[in-house]
Amino acid sequence: MSTQGTLTGRVALVAGGTRGTGRGIARELGAAGATVYVTGRSTRERRSEMDRPETIEETAELIEAAGGRAIAVPVDHLEPEQVKALAERVDREQGRLDVLVNDIWGGDGLVEWNVKLWQHPLDRGLRLLRLAVDTHLITGHFLLPLMIREPGGLHVEVTDGTTEYNSRNYRLSAFYDLAKASVNRMGYGLGEELREYGCTAVALTPGWLRSEMMLEHYGVTEENWRDATAATPHFAISETPAFTGRAVVALAADPDRARWNGQSLSSGALARVYGFTDVDGSRPDAWRYITEVADPGKPADVTGYR
């Protein structure tokens with residue numbers, strides 16, 4: 001399924017496009033023809049508190065290599081003045097915004113799993129919530145006024161877990177659990193607010209992601225990632241960041257995207273509707289697999305799930 005050129009003339013902004021899902025989304029939007037602004041804190045001159053090597057400039061280069069047009073802008077989305085300046089720049093240079101993707105996170109090094117609320121370092125937990133929730137609110141406050149100028153805009157809140165899954169499963173940390181539920185709720189709430197302008201908002205979750213950090217955690221690369229299933233068999237359902245990127249492209253290119261307004265979506269479920277695949281040609285449906293196979297403790301078997 002080729003999406004090349006489907007978004008030609010569109011202007012997109014991926015907030016938090018430095019690595020992982022954000023990078024995958026930004027690249028796929030560019031490959032589909034959109035002009036993509038990529039923001040984040042990590043640049044070649046300065047790393048964020050994540051202290052990772054990935055940078056927004058690298059993401060921009062990947063977009064350009066895929067045939068798209070990229071503009072990398074260093075932004076700390078906790079700083080309202082920086083986000084305001086970003087919105088003014090997009091307005092000045094493009095006069096419009098068609099797709100806004102909010103993938104800001106940065107909390108991986110702050111969360112402590114399976115630690116009670118009263119035992120978790122409070123400063124780390126509150127910082128996590130600021131990075132996961134405040135950044136999204138600040139970004140929407142300044143960027144959405146550009147989108148509502150014309151009908152047809154798409155706003156995507158990227159989270160971890162669907163509303164259905166997160167409402168039934170505790171995510172192993174009070175701070176993380178609240179952060180991801182909050183972003184899902186933003187997708188719903190902003191759908192209500194954008195509806196009258198003819199724009200669409202959704203919450204979107206990838207599945208078990210083969211991000212740079214996850215590959216590093218398992219000591220594998222994208223080329224030999226299946227080696228990790230020896231120790232973690234359910235990792236067989238994992239997906240690349242491009243898969244969620246293709247989900248965003250499918251939504252942005254769909255003239256009937258408003259049917260999804262306010263909903264909590266997943267990359268795997270959207271692949272069944274739109275027909276796109278991951279880079280290996282498969283369609284991993286991670287959340288259905290996690291619910292039906294992994295969580296019940298069944299042996300790893302992705303037959304019928306990818």
# chains A, B, ... in the order shown; residues from 1 in each chain; ligands from 1
call {"tool": "residues_around", "arguments": {"residues": "region 241-258 of chain A", "least_positions_apart": "2", "cutoff": "9 Å", "atoms": "only C-alpha atoms", "output": "PyMOL selection string"}}
result
chain A and resi 3+6-7+19-29+32+98-99+101+152-154+156+195+198-201+204-207+209-211+239+260-262+266-268+270-271+274+276-279+283-284
call {"tool": "select_by_dssp", "arguments": {"residues": "region 20-111 of chain A", "states": "strand (DSSP E)", "output": "ChimeraX atom specification"}}
result
/A:35-40,69-74,99-102
call {"tool": "write_last_selection", "arguments": {"atoms": "all heavy atoms", "output": "CSV table (one decimal), in the first residue's frame"}}
result
chain,number,residue,atom,x,y,z
A,35,THR,N,4.9,18.6,4.5
A,35,THR,CA,6.0,19.3,5.1
A,35,THR,C,5.9,19.1,6.6
A,35,THR,O,4.8,19.4,7.2
A,35,THR,CB,5.8,20.8,4.8
A,35,THR,OG1,6.0,21.0,3.4
A,35,THR,CG2,6.8,21.7,5.5
A,36,VAL,N,6.9,18.7,7.2
A,36,VAL,CA,6.9,18.3,8.6
A,36,VAL,C,7.8,19.1,9.5
A,36,VAL,O,9.0,19.1,9.3
A,36,VAL,CB,7.3,16.8,8.8
A,36,VAL,CG1,7.1,16.3,10.2
A,36,VAL,CG2,6.4,15.9,7.8
A,37,TYR,N,7.2,19.7,10.5
A,37,TYR,CA,8.0,20.4,11.6
A,37,TYR,C,8.2,19.3,12.7
A,37,TYR,O,7.3,18.7,13.1
A,37,TYR,CB,7.3,21.6,12.1
A,37,TYR,CG,7.3,22.8,11.3
A,37,TYR,CD1,6.4,22.9,10.2
A,37,TYR,CD2,8.1,23.9,11.5
A,37,TYR,CE1,6.4,24.0,9.4
A,37,TYR,CE2,8.2,25.0,10.7
A,37,TYR,CZ,7.3,25.1,9.6
A,37,TYR,OH,7.3,26.2,8.8
A,38,VAL,N,9.5,19.2,13.1
A,38,VAL,CA,9.9,18.2,14.1
A,38,VAL,C,10.4,19.0,15.3
A,38,VAL,O,11.4,19.7,15.1
A,38,VAL,CB,10.9,17.2,13.6
A,38,VAL,CG1,11.2,16.2,14.7
A,38,VAL,CG2,10.4,16.5,12.3
A,39,THR,N,9.8,18.8,16.4
A,39,THR,CA,10.3,19.5,17.6
A,39,THR,C,10.8,18.5,18.7
A,39,THR,O,10.3,17.4,18.8
A,39,THR,CB,9.2,20.4,18.2
A,39,THR,OG1,8.2,19.6,18.8
A,39,THR,CG2,8.7,21.3,17.1
A,40,GLY,N,11.6,19.0,19.6
A,40,GLY,CA,12.1,18.2,20.7
A,40,GLY,C,13.2,19.0,21.4
A,40,GLY,O,13.7,20.0,20.9
A,69,ARG,N,9.9,16.9,3.2
A,69,ARG,CA,10.5,18.2,3.6
A,69,ARG,C,10.4,18.3,5.1
A,69,ARG,O,9.3,18.2,5.6
A,69,ARG,CB,9.8,19.3,2.9
A,69,ARG,CG,10.4,20.7,3.3
A,69,ARG,CD,9.8,21.8,2.5
A,69,ARG,NE,10.4,23.1,3.0
A,69,ARG,CZ,9.7,24.1,3.4
A,69,ARG,NH1,8.4,24.1,3.4
A,69,ARG,NH2,10.3,25.3,3.8
A,70,ALA,N,11.5,18.5,5.7
A,70,ALA,CA,11.5,18.6,7.2
A,70,ALA,C,12.1,19.9,7.7
A,70,ALA,O,13.0,20.4,7.1
A,70,ALA,CB,12.3,17.4,7.7
A,71,ILE,N,11.6,20.3,8.8
A,71,ILE,CA,12.1,21.5,9.5
A,71,ILE,C,12.2,21.2,11.0
A,71,ILE,O,11.2,21.0,11.7
A,71,ILE,CB,11.1,22.7,9.3
A,71,ILE,CG1,10.9,23.0,7.8
A,71,ILE,CG2,11.7,24.0,10.0
A,71,ILE,CD1,9.7,23.8,7.5
A,72,ALA,N,13.4,21.1,11.4
A,72,ALA,CA,13.7,20.7,12.8
A,72,ALA,C,13.8,22.0,13.7
A,72,ALA,O,14.5,22.9,13.3
A,72,ALA,CB,15.0,20.0,13.0
A,73,VAL,N,13.0,22.1,14.8
A,73,VAL,CA,13.0,23.2,15.6
A,73,VAL,C,13.2,22.8,17.1
A,73,VAL,O,12.3,22.1,17.6
A,73,VAL,CB,11.6,24.0,15.5
A,73,VAL,CG1,11.7,25.3,16.3
A,73,VAL,CG2,11.3,24.3,14.0
A,74,PRO,N,14.2,23.2,17.7
A,74,PRO,CA,14.4,22.9,19.1
A,74,PRO,C,13.4,23.6,20.0
A,74,PRO,O,13.2,24.8,19.9
A,74,PRO,CB,15.8,23.4,19.5
A,74,PRO,CG,16.5,23.6,18.2
A,74,PRO,CD,15.4,24.0,17.2
A,99,VAL,N,-2.0,18.9,10.4
A,99,VAL,CA,-1.8,17.7,11.2
A,99,VAL,C,-1.0,18.1,12.4
A,99,VAL,O,0.2,18.6,12.2
A,99,VAL,CB,-1.2,16.5,10.5
A,99,VAL,CG1,-1.1,15.3,11.4
A,99,VAL,CG2,-2.0,16.2,9.3
A,100,LEU,N,-1.5,17.9,13.6
A,100,LEU,CA,-0.7,18.1,14.8
A,100,LEU,C,-0.6,16.8,15.6
A,100,LEU,O,-1.6,16.3,16.0
A,100,LEU,CB,-1.3,19.2,15.7
A,100,LEU,CG,-0.7,19.4,17.1
A,100,LEU,CD1,0.8,19.9,17.0
A,100,LEU,CD2,-1.5,20.4,17.9
A,101,VAL,N,0.6,16.3,15.8
A,101,VAL,CA,0.8,15.1,16.6
A,101,VAL,C,1.5,15.4,17.9
A,101,VAL,O,2.6,16.0,17.8
A,101,VAL,CB,1.7,14.1,15.7
A,101,VAL,CG1,1.9,12.8,16.6
A,101,VAL,CG2,1.0,13.8,14.4
A,102,ASN,N,0.9,15.1,19.0
A,102,ASN,CA,1.5,15.4,20.3
A,102,ASN,C,2.0,14.1,20.8
A,102,ASN,O,1.3,13.2,21.4
A,102,ASN,CB,0.4,15.9,21.2
A,102,ASN,CG,0.9,17.0,22.0
A,102,ASN,OD1,2.0,17.1,22.4
A,102,ASN,ND2,-0.1,17.9,22.4
call {"tool": "closest_residue", "arguments": {"among": "A:Glu157, A:Glu49, A:Glu81, A:Glu112", "to": "Val133 (chain A)", "atoms": "only C-alpha atoms"}}
result
A:Glu157
call {"tool": "select_by_dssp", "arguments": {"residues": "region 52-216 of chain A", "states": "alpha helix (DSSP H)", "output": "ChimeraX atom specification"}}
result
/A:56-65,80-94,122-129,135-147,163-168,174-194,212-216
call {"tool": "residues_around", "arguments": {"residues": "Trp225 (chain A)", "least_positions_apart": "6", "cutoff": "12 Å", "atoms": "only C-alpha atoms", "output": "VMD selection string"}}
result
chain A and resid 209 to 212 214 to 219 231 to 233 235 to 240
call {"tool": "closest_residue", "arguments": {"among": "A:Leu78, A:Leu122, A:Leu172, A:Leu110", "to": "Asp134 (chain A)", "atoms": "only C-alpha atoms"}}
result
A:Leu78
